[in-house]
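Undergrad: Next comes final21.cif, mmCIF, C-alpha atoms:
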data_my_file
loop_
_atom_site.label_atom_id
_atom_site.label_comp_id
_atom_site.auth_asym_id
_atom_site.auth_seq_id
_atom_site.Cartn_x
_atom_site.Cartn_y
_atom_site.Cartn_z
CA MET A 1 64.69 53.81 86.10
CA SER A 2 68.46 53.83 86.55
CA ALA A 3 70.75 54.81 83.70
CA SER A 4 71.66 51.16 83.10
CA GLN A 5 68.01 50.33 82.40
CA TYR A 6 67.74 52.73 79.46
CA ASP A 7 68.63 51.78 75.91
CA PRO A 8 72.33 52.65 75.39
CA ALA A 9 71.43 54.10 71.96
CA LEU A 10 68.99 56.50 73.66
CA LEU A 11 71.65 57.68 76.11
CA GLU A 12 74.09 58.11 73.25
CA LEU A 13 71.60 60.30 71.38
CA LEU A 14 71.19 62.48 74.46
CA GLY A 15 74.93 63.05 74.48
CA PHE A 16 74.80 64.49 70.97
CA LEU A 17 72.43 67.32 72.05
CA SER A 18 75.48 69.37 73.02
CA SER A 19 77.29 68.86 69.72
CA ASP A 20 78.82 71.94 68.13
CA ARG A 21 77.40 70.92 64.77
CA PRO A 22 73.77 71.98 64.20
CA GLU A 23 73.05 69.03 61.89
CA ILE A 24 74.11 66.63 64.65
CA ARG A 25 71.91 68.40 67.20
CA ARG A 26 68.98 68.43 64.76
CA ILE A 27 69.11 64.72 63.96
CA ALA A 28 69.65 63.74 67.60
CA LEU A 29 66.72 65.81 68.82
CA ALA A 30 64.44 64.66 66.00
CA ASN A 31 65.12 61.05 66.97
CA LEU A 32 64.62 61.80 70.67
CA LEU A 33 61.27 63.57 70.17
CA PRO A 34 59.12 60.37 70.15
CA TYR A 35 60.57 59.42 73.54
CA THR A 36 59.08 62.59 75.09
CA ALA A 37 55.49 61.48 74.43
CA SER A 38 53.40 60.71 77.52
CA SER A 39 53.00 57.11 76.29
CA SER A 40 56.75 56.51 76.12
CA PRO A 41 58.14 54.46 79.05
CA GLU A 42 61.57 56.02 78.49
CA ARG A 43 60.51 59.66 78.91
CA GLY A 44 61.81 59.70 82.47
CA VAL A 45 65.36 59.81 81.12
CA PHE A 46 64.88 63.47 80.20
CA GLN A 47 64.53 64.39 83.87
CA ARG A 48 68.01 63.06 84.56
CA ASP A 49 71.04 65.32 84.67
CA ASN A 50 70.42 68.61 82.80
CA TYR A 51 68.72 67.32 79.65
CA VAL A 52 65.62 69.46 80.22
CA GLU A 53 67.72 72.60 80.46
CA GLN A 54 69.74 71.55 77.41
CA ILE A 55 66.60 71.16 75.31
CA ALA A 56 65.29 74.48 76.61
CA THR A 57 68.38 76.31 75.32
CA MET A 58 67.74 74.72 71.90
CA CYS A 59 64.49 76.71 71.60
CA ALA A 60 66.73 79.59 70.50
CA ASP A 61 68.55 77.43 67.93
CA ILE A 62 67.83 77.36 64.17
CA GLU A 63 64.14 76.91 63.38
CA LEU A 64 64.22 73.18 62.60
CA ILE A 65 65.90 72.49 65.93
CA ALA A 66 63.78 75.03 67.82
CA HIS A 67 60.60 73.41 66.47
CA ASP A 68 61.54 70.01 67.89
CA ALA A 69 62.85 71.54 71.13
CA LEU A 70 59.55 73.32 71.74
CA SER A 71 57.62 70.17 70.82
CA ALA A 72 59.68 68.08 73.23
CA LEU A 73 59.15 70.55 76.07
CA ILE A 74 55.41 70.70 75.38
CA ASN A 75 55.28 66.92 75.77
CA LEU A 76 57.43 66.91 78.89
CA THR A 77 55.71 69.78 80.71
CA ASN A 78 52.70 67.73 81.73
CA SER A 79 55.08 67.06 84.59
CA GLY A 80 55.12 69.85 87.15
CA VAL A 81 58.73 68.99 87.99
CA VAL A 82 59.84 69.64 84.42
CA ALA A 83 57.78 72.83 84.16
CA ALA A 84 59.29 74.21 87.36
CA ARG A 85 62.82 73.43 86.16
CA ILE A 86 62.22 75.23 82.86
CA ALA A 87 60.78 78.28 84.59
CA LYS A 88 63.93 78.59 86.70
CA ILE A 89 66.10 79.06 83.60
CA GLU A 90 67.06 82.73 83.60
CA GLY A 91 65.39 84.64 80.78
CA PHE A 92 63.50 81.63 79.40
CA LEU A 93 60.00 82.94 80.15
CA THR A 94 60.91 86.34 78.72
CA GLY A 95 62.27 84.73 75.57
CA LEU A 96 59.12 82.64 75.22
CA VAL A 97 56.90 85.74 75.42
CA ARG A 98 59.05 87.54 72.88
CA MET A 99 58.75 84.58 70.51
CA ILE A 100 54.96 84.58 70.89
CA VAL A 101 54.53 88.26 70.09
CA ASP A 102 56.97 88.35 67.17
CA ASP A 103 54.77 88.93 64.09
CA LYS A 104 57.19 87.03 61.84
CA ALA A 105 57.98 84.08 64.11
CA LEU A 106 57.18 80.68 62.62
CA LEU A 107 56.86 78.97 65.99
CA SER A 108 54.63 81.38 67.93
CA ASP A 109 51.82 78.85 68.34
CA LEU A 110 54.19 76.20 69.69
CA ALA A 111 55.54 78.79 72.13
CA ALA A 112 51.97 79.60 73.22
CA MET A 113 51.26 75.88 73.73
CA LEU A 114 54.36 75.58 75.91
CA LEU A 115 53.39 78.66 77.91
CA SER A 116 49.93 77.14 78.38
CA ASN A 117 51.45 74.02 79.94
CA LEU A 118 53.98 75.95 82.01
CA THR A 119 51.40 78.28 83.59
CA LYS A 120 49.49 75.34 85.01
CA VAL A 121 52.20 75.38 87.66
CA GLU A 122 51.32 78.05 90.22
CA SER A 123 54.85 79.37 90.59
CA VAL A 124 55.10 79.92 86.82
CA SER A 125 51.77 81.76 86.72
CA ILE A 126 53.02 84.02 89.50
CA GLN A 127 56.22 84.62 87.55
CA LEU A 128 54.25 85.53 84.42
CA LEU A 129 51.93 87.86 86.34
CA ASN A 130 54.97 89.81 87.55
CA LEU A 131 56.88 89.70 84.28
CA LYS A 132 57.66 92.82 82.27
CA VAL A 133 59.28 92.65 78.85
CA ALA A 134 61.16 95.35 76.95
CA PHE A 135 58.82 95.90 74.01
CA VAL A 136 57.21 98.81 72.23
CA LEU A 137 53.42 98.60 72.21
CA ASP A 138 51.59 101.04 69.96
CA THR A 139 47.90 100.62 70.81
CA SER A 140 46.85 103.36 68.38
CA SER A 141 47.25 101.04 65.39
CA ALA A 142 45.20 97.94 64.62
CA ASP A 143 47.50 96.35 62.08
CA ALA A 144 50.40 93.97 62.41
CA GLU A 145 52.79 96.86 63.06
CA ALA A 146 51.07 97.57 66.38
CA VAL A 147 53.36 95.36 68.44
CA LYS A 148 57.03 95.37 67.66
CA VAL A 149 60.20 94.10 69.27
CA ASP A 150 62.51 97.02 69.70
CA LYS A 151 66.17 96.36 70.39
CA THR A 152 67.04 99.93 71.32
CA GLU A 153 64.08 101.12 73.36
CA LYS A 154 63.78 99.67 76.85
CA ASP A 155 60.16 100.36 77.68
CA ASP A 156 59.03 97.65 80.06
CA VAL A 157 55.55 96.36 79.21
CA VAL A 158 53.50 94.01 81.36
CA ALA A 159 53.81 90.62 79.68
CA LEU A 160 50.13 89.78 80.12
CA ASP A 161 49.17 93.06 78.44
CA LEU A 162 51.30 92.09 75.45
CA LEU A 163 49.83 88.60 75.29
CA LEU A 164 46.27 89.92 75.55
CA GLU A 165 46.88 92.41 72.75
CA ILE A 166 48.30 89.66 70.53
CA PHE A 167 45.44 87.32 71.44
CA LEU A 168 42.98 89.89 70.12
CA LYS A 169 44.88 91.04 67.04
CA GLY A 170 46.23 87.62 66.13
CA GLU A 171 42.89 85.82 65.90
CA GLY A 172 42.54 84.11 62.53
CA LYS A 173 46.23 84.71 61.69
CA LYS A 174 45.59 88.43 61.22
CA TYR A 175 48.76 89.50 63.03
CA ASN A 176 51.14 86.68 62.24
CA PRO A 177 50.34 84.50 59.19
CA ASN A 178 51.97 81.57 60.97
CA ALA A 179 49.95 81.68 64.22
CA ASN A 180 46.38 81.96 65.49
CA TYR A 181 47.30 82.33 69.20
CA ASP A 182 44.31 80.25 70.38
CA PHE A 183 46.35 78.61 73.16
CA LEU A 184 46.84 81.98 74.85
CA ALA A 185 43.24 81.57 76.05
CA SER A 186 44.49 78.69 78.19
CA VAL A 187 47.24 80.92 79.58
CA PHE A 188 44.64 83.46 80.77
CA ALA A 189 42.59 80.63 82.26
CA ASN A 190 45.63 79.33 84.13
CA VAL A 191 46.75 82.64 85.62
CA SER A 192 43.16 83.47 86.65
CA THR A 193 43.11 80.48 88.99
CA LEU A 194 45.14 82.76 91.27
CA PRO A 195 43.69 85.78 93.10
CA ALA A 196 46.28 88.02 91.45
CA GLY A 197 45.27 86.70 88.03
CA ARG A 198 41.58 87.39 88.70
CA SER A 199 42.49 90.84 89.91
CA TYR A 200 44.32 91.43 86.63
CA LEU A 201 41.28 90.43 84.55
CA LEU A 202 38.94 92.62 86.60
CA ALA A 203 41.25 95.61 87.14
CA THR A 204 40.06 99.10 86.22
CA PRO A 205 42.96 101.48 86.90
CA HIS A 206 40.94 104.35 85.40
CA PRO A 207 37.15 104.80 85.05
CA ASP A 208 37.49 105.10 81.27
CA VAL A 209 39.58 101.91 80.96
CA GLU A 210 37.74 98.63 80.40
CA PRO A 211 38.87 95.64 82.46
CA PRO A 212 40.90 93.10 80.46
CA LEU A 213 38.09 90.55 80.85
CA VAL A 214 35.96 92.66 78.49
CA LYS A 215 38.38 91.86 75.68
CA LEU A 216 38.02 88.13 76.23
CA ILE A 217 34.26 87.64 76.46
CA SER A 218 33.62 88.24 72.76
CA PHE A 219 35.18 84.84 71.97
CA THR A 220 32.61 82.60 73.68
CA GLU A 221 31.26 81.67 70.23
CA HIS A 222 34.56 81.51 68.35
CA PRO A 223 35.06 78.57 65.94
CA SER A 224 38.12 77.34 67.86
CA THR A 225 37.24 75.01 70.76
CA ILE A 226 40.57 75.85 72.39
CA ARG A 227 39.89 79.58 72.32
CA ARG A 228 36.26 79.18 73.48
CA GLY A 229 37.23 76.82 76.28
CA GLY A 230 40.04 78.99 77.61
CA VAL A 231 37.88 82.11 77.55
CA ALA A 232 34.97 80.30 79.27
CA SER A 233 37.33 79.07 82.00
CA SER A 234 38.76 82.58 82.46
CA ILE A 235 35.24 83.98 82.90
CA LYS A 236 34.35 81.26 85.38
CA ASN A 237 37.51 81.93 87.39
CA ALA A 238 36.68 85.64 87.49
CA ALA A 239 33.22 84.74 88.83
CA PHE A 240 34.83 83.33 91.96
CA GLU A 241 35.45 86.94 93.01
CA LYS A 242 32.16 87.56 94.84
CA SER A 243 32.98 91.22 95.44
CA ALA A 244 32.94 91.79 91.66
CA HIS A 245 29.55 90.18 90.94
CA THR A 246 27.59 93.41 90.76
CA ARG A 247 30.07 94.59 88.09
CA LEU A 248 29.65 91.39 86.07
CA VAL A 249 25.87 91.38 85.59
CA ALA A 250 23.89 94.48 84.57
CA PRO A 251 20.63 94.86 86.57
CA THR A 252 18.46 95.26 83.46
CA ASN A 253 18.80 95.01 79.69
CA GLY A 254 18.51 98.74 79.23
CA ALA A 255 20.80 99.76 82.07
CA ALA A 256 23.45 102.31 81.15
CA PRO A 257 26.94 100.83 81.57
CA THR A 258 28.79 102.02 84.62
CA PRO A 259 32.58 102.57 84.62
CA GLY A 260 34.44 99.33 85.18
CA SER A 261 31.38 97.12 84.64
CA ILE A 262 31.30 93.99 82.47
CA ASP A 263 27.92 92.61 81.47
CA LEU A 264 28.65 88.92 81.04
CA LEU A 265 25.10 87.67 80.49
CA PRO A 266 24.76 88.11 76.70
CA GLN A 267 28.04 86.34 75.92
CA MET A 268 27.37 83.65 78.52
CA LEU A 269 23.86 82.89 77.24
CA LEU A 270 24.51 83.04 73.49
CA PRO A 271 26.43 79.72 73.37
CA LEU A 272 23.59 78.06 75.30
CA CYS A 273 20.96 79.17 72.78
CA GLY A 274 19.79 77.11 69.83
CA ASN A 275 17.36 78.05 67.08
CA GLU A 276 14.28 77.86 69.29
CA GLU A 277 11.62 80.52 68.86
CA PHE A 278 10.51 82.34 71.98
CA ASP A 279 7.14 83.99 72.53
CA ILE A 280 7.12 87.74 72.05
CA ASP A 281 6.76 88.39 75.76
CA VAL A 282 9.84 86.24 76.46
CA LEU A 283 11.81 87.97 73.70
CA ASP A 284 11.21 91.30 75.39
CA GLU A 285 12.93 89.95 78.52
CA LEU A 286 16.05 88.71 76.73
CA PRO A 287 19.16 90.80 76.11
CA GLU A 288 19.13 92.33 72.63
CA GLU A 289 21.94 90.03 71.47
CA LEU A 290 19.70 86.99 72.05
CA GLN A 291 16.65 88.27 70.20
CA LEU A 292 15.76 86.98 66.72
CA LEU A 293 18.66 84.56 66.39
CA PRO A 294 19.14 83.00 62.92
CA PRO A 295 17.42 79.67 62.16
CA ASP A 296 20.79 77.91 61.82
CA LYS A 297 21.96 78.97 65.32
CA LYS A 298 23.70 76.07 67.08
CA ARG A 299 24.35 75.51 70.75
CA GLU A 300 27.88 75.12 72.05
CA PRO A 301 28.88 71.63 70.79
CA ASP A 302 31.40 70.88 73.54
CA SER A 303 29.74 69.56 76.70
CA ALA A 304 32.68 70.59 78.92
CA ILE A 305 32.34 74.20 77.77
CA ARG A 306 28.55 74.10 78.24
CA MET A 307 29.11 72.93 81.79
CA ILE A 308 31.60 75.73 82.46
CA LEU A 309 29.12 78.32 81.17
CA VAL A 310 26.24 77.02 83.30
CA GLU A 311 28.43 76.70 86.39
CA THR A 312 29.51 80.31 85.93
CA LEU A 313 25.87 81.38 85.96
CA VAL A 314 25.42 79.36 89.16
CA LEU A 315 28.39 81.17 90.71
CA LEU A 316 26.88 84.52 89.76
CA CYS A 317 23.71 83.53 91.62
CA THR A 318 25.59 83.87 94.89
CA THR A 319 24.16 87.35 95.53
CA ARG A 320 20.54 88.47 95.56
CA ALA A 321 21.22 91.38 93.17
CA CYS A 322 22.55 89.04 90.47
CA ARG A 323 19.69 86.58 90.95
CA ASP A 324 17.17 89.37 90.51
CA ALA A 325 18.97 90.60 87.39
CA MET A 326 18.94 87.12 85.86
CA ARG A 327 15.22 86.76 86.55
CA VAL A 328 14.26 89.92 84.70
CA ARG A 329 16.65 89.23 81.81
CA GLY A 330 15.30 85.86 80.70
CA VAL A 331 18.00 83.53 82.01
CA TYR A 332 15.45 80.96 83.17
CA GLN A 333 13.82 80.79 79.74
CA VAL A 334 17.16 80.19 78.01
CA ILE A 335 18.23 77.53 80.50
CA ARG A 336 14.83 75.79 80.27
CA GLU A 337 15.25 75.34 76.51
CA ALA A 338 18.89 74.34 76.89
CA HIS A 339 17.90 71.74 79.52
CA LEU A 340 15.34 70.21 77.17
CA ALA A 341 18.03 69.77 74.51
CA GLU A 342 20.80 68.62 76.88
CA THR A 343 21.87 64.96 76.81
CA VAL A 344 24.85 65.02 79.21
CA ASN A 345 24.06 64.49 82.90
CA LYS A 346 27.07 66.48 84.09
CA VAL A 347 25.60 69.52 82.33
CA THR A 348 21.98 69.03 83.39
CA GLU A 349 22.94 68.90 87.07
CA PRO A 350 24.16 72.53 87.30
CA MET A 351 21.22 73.55 85.10
CA VAL A 352 18.80 72.18 87.71
CA ARG A 353 20.77 73.92 90.45
CA LEU A 354 20.55 77.20 88.53
CA VAL A 355 16.80 76.89 88.01
CA ASP A 356 16.31 76.15 91.72
CA LEU A 357 18.18 79.33 92.61
CA LEU A 358 16.23 81.46 90.13
CA LYS A 359 12.85 80.04 91.16
CA ARG A 360 13.39 80.22 94.91
CA GLU A 361 11.21 82.57 96.92
CA GLU A 362 12.90 85.80 97.86
CA GLY A 363 11.89 88.22 100.56
CA PRO A 364 13.28 90.85 102.92
CA ASP A 365 15.19 88.15 104.75
CA THR A 366 17.17 87.28 101.58
CA ALA A 367 17.91 90.85 100.52
CA ILE A 368 21.53 90.63 101.62
CA GLU A 369 21.83 86.86 101.67
CA GLU A 370 24.66 85.15 99.89
CA VAL A 371 23.82 81.67 98.64
CA ASP A 372 26.44 78.98 99.02
CA VAL A 373 26.98 77.53 95.54
CA SER A 374 29.15 74.50 94.90
CA PRO A 375 30.03 73.95 91.24
CA SER A 376 31.23 70.46 90.32
CA SER A 377 34.67 71.80 89.45
CA ASN A 378 36.22 74.62 91.42
CA VAL A 379 38.78 77.14 90.37
CA SER A 380 41.74 74.91 91.16
CA GLU A 381 40.35 71.73 89.58
CA GLN A 382 40.18 73.24 86.09
CA ASN A 383 43.97 73.33 85.94
CA THR A 384 44.66 69.64 85.28
CA VAL A 385 44.55 69.22 81.49
CA PHE A 386 47.74 69.73 79.48
CA VAL A 387 48.42 69.50 75.76
CA ASP A 388 51.01 67.53 73.86
CA ALA A 389 52.94 68.75 70.81
CA SER A 390 50.07 67.75 68.51
CA GLY A 391 47.64 69.97 70.44
CA LYS A 392 45.74 67.01 71.93
CA GLU A 393 44.77 67.01 75.60
CA THR A 394 46.79 64.89 78.00
CA LYS A 395 46.64 64.40 81.75
CA ALA A 396 49.28 65.50 84.23
CA ALA A 397 52.14 63.03 84.51
CA ALA A 398 52.64 61.19 87.76
CA PRO A 399 55.74 62.48 89.58
CA GLU A 400 58.82 60.34 89.14
CA PRO A 401 61.71 60.16 91.61
CA VAL A 402 64.67 61.66 89.83
CA SER A 403 68.27 61.89 90.94
CA TYR A 404 70.19 64.82 89.56
CA THR A 405 73.85 64.22 88.85
CA ARG A 406 76.50 66.12 87.07
CA PRO A 407 76.14 65.33 83.35
CA PRO A 408 78.92 63.35 81.70
CA PRO A 409 80.92 65.08 78.99
CA PRO A 410 79.51 64.63 75.49
CA PRO A 411 81.07 61.85 73.45
CA GLN A 412 84.03 62.96 71.43
CA VAL A 413 83.93 62.01 67.76
CA ASP A 414 86.05 62.90 64.81
CA SER A 415 84.66 64.02 61.47
CA GLU A 416 84.49 60.49 60.04
CA ASP A 417 82.59 59.22 63.10
CA GLU A 418 80.16 62.12 62.79
CA GLU A 419 79.40 61.25 59.18
CA GLU A 420 78.77 57.62 60.16
CA MET A 421 76.50 58.71 63.00
CA LEU A 422 74.48 60.89 60.65
CA ILE A 423 73.94 57.96 58.32
CA GLU A 424 73.08 55.47 61.09
CA VAL A 425 70.63 57.76 62.87
#
Represent the structure of the file as structure tokens.

TA:
Amino acid sequence: MSASQYDPALLELLGFLSSDRPEIRRIALANLLPYTASSSPERGVFQRDNYVEQIATMCADIELIAHDALSALINLTNSGVVAARIAKIEGFLTGLVRMIVDDKALLSDLAAMLLSNLTKVESVSIQLLNLKVAFVLDTSSADAEAVKVDKTEKDDVVALDLLLEIFLKGEGKKYNPNANYDFLASVFANVSTLPAGRSYLLATPHPDVEPPLVKLISFTEHPSTIRRGGVASSIKNAAFEKSAHTRLVAPTNGAAPTPGSIDLLPQMLLPLCGNEEFDIDVLDELPEELQLLPPDKKREPDSAIRMILVETLVLLCTTRACRDAMRVRGVYQVIREAHLAETVNKVTEPMVRLVDLLKREEGPDTAIEEVDVSPSSNVSEQNTVFVDASGKETKAAAPEPVSYTRPPPPPQVDSEDEEEMLIEV
């Protein structure tokens, strides 16, 4: 749409975003916020001139203005064009990370939602993977004082390390009473669509250091669907690294952990279990975490997450060693019961594929064979769902042709005109 096709009142409101008076900026932005929704036909106006950049600078304004600025950007960043423009603003990504990890910030969750949308763009994920922020991280403490902004020290900390630490400590508003940090799970899922992101999750710089993925897998049964879904997607993305498969599945239930290993099976199977009772001989095959589950145990209620979990197990069946490990650890028995209870065809299909792989005949000729598995959604196809400012899922926006021109000067008004504008708006 050309400028002449937009409502003149809308264009006038956009001009007031650069007002020197905070109350003018606040009212203008509050009235513009509905136009940023994906259902609004006028949202394309924000891609004109430098309105996106203007709103981005308002994230550092007073809290009322910053709240609406973050909300507007969350709505607008289901467009890759907008996300890429925001990421090019010098210092913006650093400021967003600092806002997320501030234990007193009121808008940390909105900042995490925005980061979740931004990192769906590959270039932004790469930027975040390489980002270091001047923070002080004291990992010896488990309380809210463990992560602090320090304005004098200049210790550069890997941004993802900071976000992971906050994701763990902030669960249930234990770090910041204003934030639960669930949307950071989506950030980890987004960056792990890239080889460098998967390498980060699986990295073991020292034999005594657990890979970051270990810290995520405990949330596969968390009450928050957002947290569970992001963690499940991160695990699935990590499973695309075939070279790491022998580190991701222990050969037996009683096997001693080896340095750098991550036994995914218990946390992958738990959400797929209900309250069924297994025979004693089957119980002996299952990992200890799956034995004698309570009678009120419920399966994962979200079919999309169930599908991700099953497809991850299919991916791990690529190698003979992992297939053998799954056979002796009761995976078939769990999937058989889950299949009987499943009502969604998209979930039963990978279940059948998994059973076929586990029940296939193996011999000397398959000792080093790698099976070609084809999950219904690959690592890149998971990266298509965004969120709006209300936290609801929304699809990526279709690209719009946008012409960038030098913005006109803001309208000049005297004090009386400003008072009238405040009343009219």

Undergrad: Written as an NGL selection string, what is the full residue list that the PyMOL selection byres ((chain A and resi 290-295) around 9) yields on the file shown?

TA: :A and (266 or 269-270 or 273-278 or 283-284 or 286-289 or 296-298)

Undergrad: Take the residues that were just selected and, keeping C-alpha atoms, output them as an mmCIF file, keeping the file's coordinate frame.

TA:
data_model
loop_
_atom_site.group_PDB
_atom_site.id
_atom_site.type_symbol
_atom_site.label_atom_id
_atom_site.label_comp_id
_atom_site.auth_asym_id
_atom_site.auth_seq_id
_atom_site.Cartn_x
_atom_site.Cartn_y
_atom_site.Cartn_z
ATOM 1 C CA PRO A 266 24.760 88.110 76.700
ATOM 2 C CA LEU A 269 23.860 82.890 77.240
ATOM 3 C CA LEU A 270 24.510 83.040 73.490
ATOM 4 C CA CYS A 273 20.960 79.170 72.780
ATOM 5 C CA GLY A 274 19.790 77.110 69.830
ATOM 6 C CA ASN A 275 17.360 78.050 67.080
ATOM 7 C CA GLU A 276 14.280 77.860 69.290
ATOM 8 C CA GLU A 277 11.620 80.520 68.860
ATOM 9 C CA PHE A 278 10.510 82.340 71.980
ATOM 10 C CA LEU A 283 11.810 87.970 73.700
ATOM 11 C CA ASP A 284 11.210 91.300 75.390
ATOM 12 C CA LEU A 286 16.050 88.710 76.730
ATOM 13 C CA PRO A 287 19.160 90.800 76.110
ATOM 14 C CA GLU A 288 19.130 92.330 72.630
ATOM 15 C CA GLU A 289 21.940 90.030 71.470
ATOM 16 C CA ASP A 296 20.790 77.910 61.820
ATOM 17 C CA LYS A 297 21.960 78.970 65.320
ATOM 18 C CA LYS A 298 23.700 76.070 67.080
#

Undergrad: Which neighbours of Ala69 of chain A fall inside 8 Å, counting only C-alpha atoms, when residues of the same chain fewer than 2 positions from it are skipped, and could you give them as a list of chain:residue names?

TA: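 Residues meeting the cut-off are A:Leu29, A:Ile55, A:Ala56, A:Met58, A:Cys59, A:Ile65, A:Ala66, A:His67, A:Ser71, A:Ala72, A:Leu73.
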
Undergrad: Please compute the atom CA of Leu32 of chain A-atom CA of Asn75 of chain A distance, one decimal, in Å.

TA: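 A separation of 11.8 Å between them.
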
Undergrad: Given the choices A:Ala30, A:Val81, A:Leu340, A:Leu201, which gets closest to Leu64 of chain A if the distance is worked out from only C-alpha atoms?

TA: A:Ala30

Undergrad: For Pro212 of chain A, which of A:Pro251, A:Gly260, A:Gly95, A:Gly80 is the closest residue, counting only C-alpha atoms?

TA: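 That would be A:Gly260, the residue with the smallest distance to Pro212 of chain A.
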
Undergrad: Pull out every residue that the PyMOL selection byres ((chain A and resi 203) around 12) matches in the shown coordinates and put them as an NGL selection string.

TA: :A and (195-202 or 204-214 or 238 or 241 or 244 or 247 or 259-262)

Undergrad: I need every residue sitting at most 7 Å from the point (57.3, 79.1, 71.0) (coordinates as in the file, only C-alpha atoms considered), written as a PyMOL selection string.

TA: chain A and resi 70+96+99-100+107-112+114

Undergrad: Nearest residue to Asn31 of chain A out of A:Asp68, A:Asp61, A:Asp49, A:Asp7, using all atoms listed in the file?

TA: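 With all atoms listed in the file as the atom set, the closest residue is A:Asp68.
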
Undergrad: In Å to one decimal, how far is atom CA of Thr94 of chain A from atom CA of Lys132 of chain A?

TA: 8.1 Å
